[in-house]
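Comments concern the structure below.
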Amino acid sequence: MPMNAKVVLSALLLVSSFAVGANAQDGPFPGQQNRGAIASGGTLYQARCAECHGADGKGVAGHDLTRLWTLGATDERVFQTIRNGVPNTIMPSSTAPDGELRALIAYLRSLNGPAAPEPLRGNAENGERVFATSCSSCHAINGRGGRLGPDLSRISQSRAQLTEAIRSPASSIAAGYQPVTVITRDGETVKGALKGEDAFSVQLMDTTQRLRAYLKSSLKSFVRDPGSLMPDYGPSRVSESDLDDLIRYLSTFRPPAGRPRGEP
Amino acid sequence: MIARRIDTKARTALLAVVLGSGLVTAQDRAPSGLTSQEIAQGYKTPTRWPTYSGDYTGQRHTPLTQITPANAHRLSAQWTFQTGIIPRRGYEGTPLVVDGVMYLTGPFNTAWAVDARTGRQFWRYRRDLPNDLTYGAVSPVNRGMGLLGNRLFLPTADAHLVALDTASGNVVWDTVLADYKIGYAATAAPLVVKDKVIVGISGGDFPTRGFLDAYDPQTGKRLWRFYTVPGPGEPGSDTWPGADVMARGGGATWVTGVYDPELNLLYWGTGNPNPLYYGEDRKGTNLYTASIVAIDADTGTLKWYHQFTPHDTHDWDSNHVPVLAELPIAGQQRKVVMVANRNGFFYVFDRANGKLLVGKPFSDTTWARELDANGHPIVLNDGSKGCLPDQWGSTNHMPASYDPARRLFFVTVRETCAAYLPVKEEIVPGRISNSGTVRRDADRSYGVLRAIDPTNVERKWEFKYPTPTMAGTMSTASGVVFAGDNEGNFMAFDAATGKNLWFYPTGAPIWGAAAMSFMLDGRQYVVIGSGTNVTAFALPPS
């Protein structure tokens, strides 16, 4: 099924990153929101985080940090992620005192404005049926479904973004889902989603959802294909009414602002 | 407080290994250790890598020939040393090796002495750093140490220079370079020249004033200081709007320079002016930022300079390892200093007087394609006509290498596409002065290893990487170029053709580091750092 873009994947990755070390202290830290903490956190942010996450928190080499809480992060989870870093990425661990990390979190919270409420429309029950027939072969929700497209268990996009992702998925391709075609020296043609590449090898998931890897020296050609592996779901494939229903269904997986998923 | 750690077992083991190696002479084991004359001899003793770039030329071109284009495919890992410290970006250091002992540093001012045959540790030093670091917190990297006699010289994230005892890792002396609370730190491997330890400073992204210092290796006493931004009324001060701006003008010296013993001149790069992206409050060319300076090694006085990027607003520091060589230019053999600059141009200067001999782009940058009569880029695209190279530039601090026999300069080039969004910000001591943001279009950015003829900047061959790369290069007299990429591959190439001969996936980006090499027990080792590891490679024993 549909999937917009880098924004979505980065959001998904971010939430999964921030799942590190979750514990019972999932509410805001005491005294977190005072202006002094936000100001000193802003100073720390500009010094230690802005190089990767951007002066505005929207990400340069690192993730967008302006939607963390909207996506279900909690103060404690963010704290643990900063403290421990994210393994196998350039996000380092921190030895800064707890107070500094809390000030940093106060500042990040100030960047995370409340999500604008969107009017509810559509029938989630029918949306689930649409998902099952049109989307689930490639996308999963809560562990059920395909893996060729991004997992849709956490949704953060606006209705407009989701509509574009469904109607015109090629408008933006998330990292890890770039369509590619390889032709081996034996003449086999394999299409799939690019998972990794270096100067000597490529790693992909083929359209049968099997992980495959090739040395470039064993290939006749390796091409990044334009567009998306996902076809356009125009009105002839998904009616406006079904689109409303589908988005309503997907929206049921959007966590309430400030509350982590899985909590009452 | 300074950490002092000594492990008597390790010290005993070190002595035993040195004595048992059978490769060292009594003279080598003398307490005085490596002399400045021996450092000046560079690669003369094949078992040594005595200074950051291997020798004073900065060529990073080893005369060792055991590994060749014909056998490089047989290289294999011999040992891996786990630093155990997750770096912010990558392992950026170059180890030193003397008489079977490797001295290396890691992030957060950790240093080790290890057995160069096995990677087994003799001693470890870790500095107790304060919790309120400034630039040291942004970039807690260390790129290596200097070595003289039985002392190692370690620059620190809290802007000190520390001398360590080579046998124990004990602190011998500890000197303050500058106030880290304002924004200073020290990350570059010091350069030992005669009876002086030359050390640069980091922190030009904070409101600091850059300098280059010389210290007495025996006492840690400062012998001279050259400020890279002039004081009021001094030459160059007319390139700044006022004293307050000069006092925090940037121009850090965070990459090790080189030295010409005949001219007694140091050649050192200087960093960006401060603040980085917003330049309206520092109108002028902002000397001597984004420049190369030639400095008298005895006195610290400026002999000549060239500013690569006047009034830089792209964070295009000129912190590179300059490379000394002799080149035929216009029918005449010239002693030159070469720089592949972050602004996308390759420069060759007469190193006696700074006369610009060659200046042409080595990258595909659209920012500028030619230099004017003063050797300054003629800007064609200020960003309004499409993307520019990003803030890490067309190359960066990762060392390049130069093969004089083949007359090829090997440089890792970053072909990137970025937009700059400057913002006026309050300048506060101890706070980074980004003054804006840079956004890079990842889909239009890649890396490439390029071999160029420095006399005309013609591209002789290149090898493309999928993403922009921050790995340095080292070349060998036998015609092999060692390089790395952002995907984590450590690689060997045929210097003449660019053909890839071998690669080893290290598992983490090779970021800022370049290989070094030495002989031990009749085998040539090649060493590279990556992620949390330092790994040594060699051919199978014959």
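Chain identifiers are assigned as A, B, and so on, following the order in which chains appear in the structure tokens; residues are numbered from 1 within each chain, and ligands are numbered from 1 in order of appearance.
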Using only C-alpha atoms, find each residue of chain B with at least one atom at most 10 Å away from an atom of chain A; report its shortest atom-to-atom pair and that distance in Å (one decimal), sort the rows by chain and rising residue number, and return the result as a Markdown table.
| residue | atom | partner | partner_atom | distance |
| --- | --- | --- | --- | --- |
| B:Ile85 | CA | A:Ser93 | CA | 9.6 |
| B:Ile86 | CA | A:Pro92 | CA | 6.5 |
| B:Pro87 | CA | A:Pro92 | CA | 6.6 |
| B:Arg88 | CA | A:Pro92 | CA | 5.1 |
| B:Arg89 | CA | A:Ile90 | CA | 5.6 |
| B:Gly90 | CA | A:Ile90 | CA | 8.0 |
| B:Pro130 | CA | A:Ala96 | CA | 9.5 |
| B:Asn131 | CA | A:Ala96 | CA | 6.0 |
| B:Asp132 | CA | A:Ala96 | CA | 7.9 |
| B:Leu133 | CA | A:Ala96 | CA | 9.3 |
| B:Thr134 | CA | A:Ala47 | CA | 7.3 |
| B:Tyr135 | CA | A:Ala47 | CA | 7.6 |
| B:Gly136 | CA | A:Arg48 | CA | 9.6 |
| B:Ala137 | CA | A:Arg48 | CA | 6.6 |
| B:Val138 | CA | A:Arg48 | CA | 4.8 |
| B:Ser139 | CA | A:Arg48 | CA | 8.3 |
| B:Gly183 | CA | A:Ala47 | CA | 9.8 |
| B:Asp205 | CA | A:Ala47 | CA | 9.3 |
| B:Phe206 | CA | A:Ala47 | CA | 8.8 |
| B:Leu421 | CA | A:Ala55 | CA | 9.8 |
| B:Val423 | CA | A:Ala55 | CA | 9.5 |
| B:Val428 | CA | A:Thr43 | CA | 9.5 |
| B:Gly430 | CA | A:Ala47 | CA | 8.7 |
| B:Arg431 | CA | A:Ala47 | CA | 6.1 |
| B:Ile432 | CA | A:Ala47 | CA | 5.0 |
| B:Ser433 | CA | A:Gln46 | CA | 8.1 |
| B:Asn434 | CA | A:Gln46 | CA | 7.7 |
| B:Ser435 | CA | A:Ala55 | CA | 8.2 |
| B:Gly436 | CA | A:Ala55 | CA | 6.4 |
| B:Thr437 | CA | A:Ala55 | CA | 5.7 |
| B:Val438 | CA | A:Val60 | CA | 7.0 |
| B:Arg439 | CA | A:Val60 | CA | 5.8 |
| B:Arg440 | CA | A:Val60 | CA | 7.1 |
| B:Asp441 | CA | A:Val60 | CA | 9.7 |
| B:Ala442 | CA | A:Ala61 | CA | 9.3 |
| B:Phe463 | CA | A:Ala199 | CA | 8.8 |
| B:Lys464 | CA | A:Ala199 | CA | 7.2 |
| B:Tyr465 | CA | A:Ala199 | CA | 5.4 |
| B:Pro466 | CA | A:Asp198 | CA | 6.0 |
| B:Thr467 | CA | A:Asp198 | CA | 8.3 |
| B:Asp485 | CA | A:Ala199 | CA | 8.5 |
| B:Asn486 | CA | A:Asp198 | CA | 8.5 |
| B:Glu487 | CA | A:Asp198 | CA | 5.7 |
| B:Gly488 | CA | A:Asp198 | CA | 8.5 |
| B:Asn489 | CA | A:Asp198 | CA | 8.1 |
| B:Asn500 | CA | A:Phe200 | CA | 9.8 |
| B:Phe503 | CA | A:Phe200 | CA | 8.6 |
| B:Pro505 | CA | A:Asp198 | CA | 9.7 |
| B:Gly507 | CA | A:Asn88 | CA | 9.0 |
| B:Ala508 | CA | A:Asn88 | CA | 7.8 |
| B:Pro509 | CA | A:Ile90 | CA | 9.4 |
| B:Gly531 | CA | A:Asn88 | CA | 9.0 |
Which residues come within 6 Å of segment 91-99 of chain B, counting only C-alpha atoms, excluding same-chain residues fewer than 2 positions away, as number ranges by chain? B: 48-50, 101-104, 143-144, 512-513, 529-531
Save out the residues we just selected, N, CA and C atoms, as a PDB file, in the first residue's frame.
ATOM      1  N   ARG B  48      59.238   2.318  11.419  1.00  0.00           N
ATOM      2  CA  ARG B  48      58.666   3.471  12.117  1.00  0.00           C
ATOM      3  C   ARG B  48      57.641   4.225  11.263  1.00  0.00           C
ATOM      4  N   TRP B  49      56.695   4.779  11.971  1.00  0.00           N
ATOM      5  CA  TRP B  49      55.825   5.844  11.434  1.00  0.00           C
ATOM      6  C   TRP B  49      55.858   6.907  12.531  1.00  0.00           C
ATOM      7  N   PRO B  50      56.809   7.847  12.421  1.00  0.00           N
ATOM      8  CA  PRO B  50      57.142   8.659  13.589  1.00  0.00           C
ATOM      9  C   PRO B  50      56.329   9.928  13.793  1.00  0.00           C
ATOM     10  N   VAL B 101      56.105  -0.834  18.889  1.00  0.00           N
ATOM     11  CA  VAL B 101      55.019  -0.351  19.749  1.00  0.00           C
ATOM     12  C   VAL B 101      54.203   0.684  18.982  1.00  0.00           C
ATOM     13  N   MET B 102      52.898   0.488  19.008  1.00  0.00           N
ATOM     14  CA  MET B 102      52.000   1.441  18.359  1.00  0.00           C
ATOM     15  C   MET B 102      51.361   2.327  19.425  1.00  0.00           C
ATOM     16  N   TYR B 103      51.352   3.632  19.157  1.00  0.00           N
ATOM     17  CA  TYR B 103      50.716   4.589  20.048  1.00  0.00           C
ATOM     18  C   TYR B 103      49.513   5.170  19.315  1.00  0.00           C
ATOM     19  N   LEU B 104      48.350   5.010  19.900  1.00  0.00           N
ATOM     20  CA  LEU B 104      47.166   5.497  19.212  1.00  0.00           C
ATOM     21  C   LEU B 104      46.227   6.199  20.181  1.00  0.00           C
ATOM     22  N   ARG B 143      42.938  13.188  16.714  1.00  0.00           N
ATOM     23  CA  ARG B 143      43.498  12.688  15.453  1.00  0.00           C
ATOM     24  C   ARG B 143      44.906  12.127  15.609  1.00  0.00           C
ATOM     25  N   GLY B 144      45.421  12.153  16.837  1.00  0.00           N
ATOM     26  CA  GLY B 144      46.718  11.522  17.041  1.00  0.00           C
ATOM     27  C   GLY B 144      47.612  12.323  17.962  1.00  0.00           C
ATOM     28  N   GLY B 512      37.508  10.390   8.166  1.00  0.00           N
ATOM     29  CA  GLY B 512      38.565  11.288   8.620  1.00  0.00           C
ATOM     30  C   GLY B 512      39.923  10.634   8.691  1.00  0.00           C
ATOM     31  N   ALA B 513      39.963   9.324   8.761  1.00  0.00           N
ATOM     32  CA  ALA B 513      41.241   8.620   8.909  1.00  0.00           C
ATOM     33  C   ALA B 513      41.847   8.298   7.552  1.00  0.00           C
ATOM     34  N   GLY B 529      41.786   2.918  10.958  1.00  0.00           N
ATOM     35  CA  GLY B 529      40.763   2.980  11.993  1.00  0.00           C
ATOM     36  C   GLY B 529      39.392   3.131  11.365  1.00  0.00           C
ATOM     37  N   SER B 530      38.383   2.533  12.017  1.00  0.00           N
ATOM     38  CA  SER B 530      37.016   2.576  11.492  1.00  0.00           C
ATOM     39  C   SER B 530      36.059   2.290  12.638  1.00  0.00           C
ATOM     40  N   GLY B 531      35.110   3.177  12.874  1.00  0.00           N
ATOM     41  CA  GLY B 531      34.167   2.945  13.962  1.00  0.00           C
ATOM     42  C   GLY B 531      34.897   2.859  15.296  1.00  0.00           C
TER      43      GLY B 531
END
From A:Val190, A:Leu246, A:Ala39, A:Val130, residue lying nearest Ser221 of chain A [only C-alpha atoms]: A:Val190
Nearby residues (only C-alpha atoms) at most 7 Å from Trp79 of chain B, same-chain spacing under 6 positions excluded, as a PyMOL selection string: chain B and resi 118-119+535-536
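Residue neighbourhood of Asn353 of chain B, excluding near-sequence residues (fewer than 2 positions): Leu263, Leu265, Tyr267, Val293, Ala294, Ile295, Leu302, Lys303, Trp304, Tyr305, His306, Arg334, Lys335, Val336, Val337, Val348, Phe349, Asp350, Arg351, Lys355, Leu356 and Leu357 of chain B, at 12 Å, using only C-alpha atoms.
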Hey, can you spit out that residue selection with C-alpha atoms as a PDB file, in the first residue's frame?
ATOM      1  CA  LEU B 263      63.308  26.964   4.665  1.00  0.00           C
ATOM      2  CA  LEU B 265      58.868  27.055   7.491  1.00  0.00           C
ATOM      3  CA  TYR B 267      52.707  25.289   6.426  1.00  0.00           C
ATOM      4  CA  VAL B 293      49.944  30.330   6.373  1.00  0.00           C
ATOM      5  CA  ALA B 294      53.710  29.844   6.141  1.00  0.00           C
ATOM      6  CA  ILE B 295      55.211  30.362   9.599  1.00  0.00           C
ATOM      7  CA  LEU B 302      54.175  34.929   9.340  1.00  0.00           C
ATOM      8  CA  LYS B 303      56.272  34.581   6.198  1.00  0.00           C
ATOM      9  CA  TRP B 304      53.473  34.445   3.627  1.00  0.00           C
ATOM     10  CA  TYR B 305      49.833  33.466   3.314  1.00  0.00           C
ATOM     11  CA  HIS B 306      47.158  32.805   0.740  1.00  0.00           C
ATOM     12  CA  ARG B 334      59.848  24.129  -8.369  1.00  0.00           C
ATOM     13  CA  LYS B 335      59.697  23.356  -4.671  1.00  0.00           C
ATOM     14  CA  VAL B 336      56.001  23.593  -4.004  1.00  0.00           C
ATOM     15  CA  VAL B 337      53.293  23.172  -1.426  1.00  0.00           C
ATOM     16  CA  VAL B 348      50.150  24.739  -6.062  1.00  0.00           C
ATOM     17  CA  PHE B 349      52.367  27.426  -4.506  1.00  0.00           C
ATOM     18  CA  ASP B 350      56.070  28.143  -4.563  1.00  0.00           C
ATOM     19  CA  ARG B 351      56.708  27.274  -0.980  1.00  0.00           C
ATOM     20  CA  LYS B 355      53.506  32.568  -5.409  1.00  0.00           C
ATOM     21  CA  LEU B 356      50.504  30.776  -6.871  1.00  0.00           C
ATOM     22  CA  LEU B 357      51.656  28.459  -9.673  1.00  0.00           C
TER      23      LEU B 357
END
Which parts of segment 98-317 of chain B does DSSP call helix (DSSP H, G or I) when run on the backbone here, written out as a PyMOL selection string? chain B and resi 135-138+237-239+243-246+280-282
Requested write-out: N, CA and C atoms of the selected residues, as a CSV table (one decimal), in the first residue's frame:
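Result went into result.csv, see below:
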chain,number,residue,atom,x,y,z
B,135,TYR,N,33.4,23.0,22.4
B,135,TYR,CA,33.6,22.3,21.1
B,135,TYR,C,34.0,20.8,21.3
B,136,GLY,N,34.6,20.6,22.5
B,136,GLY,CA,35.0,19.2,22.8
B,136,GLY,C,33.8,18.3,23.0
B,137,ALA,N,32.6,18.9,23.3
B,137,ALA,CA,31.4,18.0,23.4
B,137,ALA,C,30.8,17.8,22.0
B,138,VAL,N,30.9,18.9,21.1
B,138,VAL,CA,30.4,18.8,19.8
B,138,VAL,C,31.2,17.8,19.0
B,237,SER,N,44.1,43.5,9.9
B,237,SER,CA,42.9,43.9,10.7
B,237,SER,C,41.9,44.7,9.9
B,238,ASP,N,42.4,45.3,8.7
B,238,ASP,CA,41.5,46.1,7.9
B,238,ASP,C,40.5,45.2,7.1
B,239,THR,N,40.6,43.9,7.3
B,239,THR,CA,39.7,43.0,6.6
B,239,THR,C,38.6,42.5,7.5
B,243,ALA,N,37.3,45.3,16.3
B,243,ALA,CA,38.1,44.5,17.2
B,243,ALA,C,37.2,43.4,17.8
B,244,ASP,N,36.0,43.8,18.2
B,244,ASP,CA,35.2,42.8,18.8
B,244,ASP,C,34.9,41.6,18.0
B,245,VAL,N,34.8,41.8,16.7
B,245,VAL,CA,34.5,40.7,15.7
B,245,VAL,C,35.8,39.9,15.5
B,246,MET,N,37.0,40.6,15.5
B,246,MET,CA,38.2,39.9,15.3
B,246,MET,C,38.5,39.0,16.6
B,280,GLU,N,27.1,38.8,7.4
B,280,GLU,CA,26.8,40.3,7.3
B,280,GLU,C,27.5,41.1,8.4
B,281,ASP,N,27.7,40.5,9.5
B,281,ASP,CA,28.3,41.2,10.7
B,281,ASP,C,29.8,41.1,10.7
B,282,ARG,N,30.4,40.5,9.7
B,282,ARG,CA,31.9,40.4,9.6
B,282,ARG,C,32.3,40.7,8.2
Leaving out Gly227 of chain A and any residue of its chain fewer than 3 positions from it, which residues lie within 10 Å of it when counting only C-alpha atoms, given as an MDAnalysis selection string? chainID A and resid 168:173 178:180 224 230:232
Store the residues picked out above in a file with C-alpha atoms, as a PDB file, in the first residue's frame.
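Contents of result.pdb, freshly written:
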ATOM      1  CA  SER A 168       1.084   9.272  -6.444  1.00  0.00           C
ATOM      2  CA  PRO A 169       3.542   7.136  -4.506  1.00  0.00           C
ATOM      3  CA  ALA A 170       6.437   8.069  -6.793  1.00  0.00           C
ATOM      4  CA  SER A 171       6.305  11.653  -5.549  1.00  0.00           C
ATOM      5  CA  SER A 172       8.695  10.694  -2.823  1.00  0.00           C
ATOM      6  CA  ILE A 173      10.460   7.426  -2.106  1.00  0.00           C
ATOM      7  CA  GLN A 178      14.079   2.821  -4.050  1.00  0.00           C
ATOM      8  CA  PRO A 179      13.103   0.531  -6.936  1.00  0.00           C
ATOM      9  CA  VAL A 180      16.015  -1.132  -8.701  1.00  0.00           C
ATOM     10  CA  ARG A 224      17.894   2.592 -10.179  1.00  0.00           C
ATOM     11  CA  MET A 230       3.900   0.777  -5.749  1.00  0.00           C
ATOM     12  CA  PRO A 231       1.466   1.595  -8.572  1.00  0.00           C
ATOM     13  CA  ASP A 232      -0.569   4.778  -8.519  1.00  0.00           C
TER      14      ASP A 232
END
Near-Leu161 of chain B list (9 Å; only C-alpha atoms; drop same-chain fewer than 6 positions) as number ranges by chain: B: 153-155, 173-177, 186, 199, 220
Distance of atom CA of Ala167 of chain B from atom CA of Val255 of chain B, expressed in Å to one decimal place: 26.7 Å
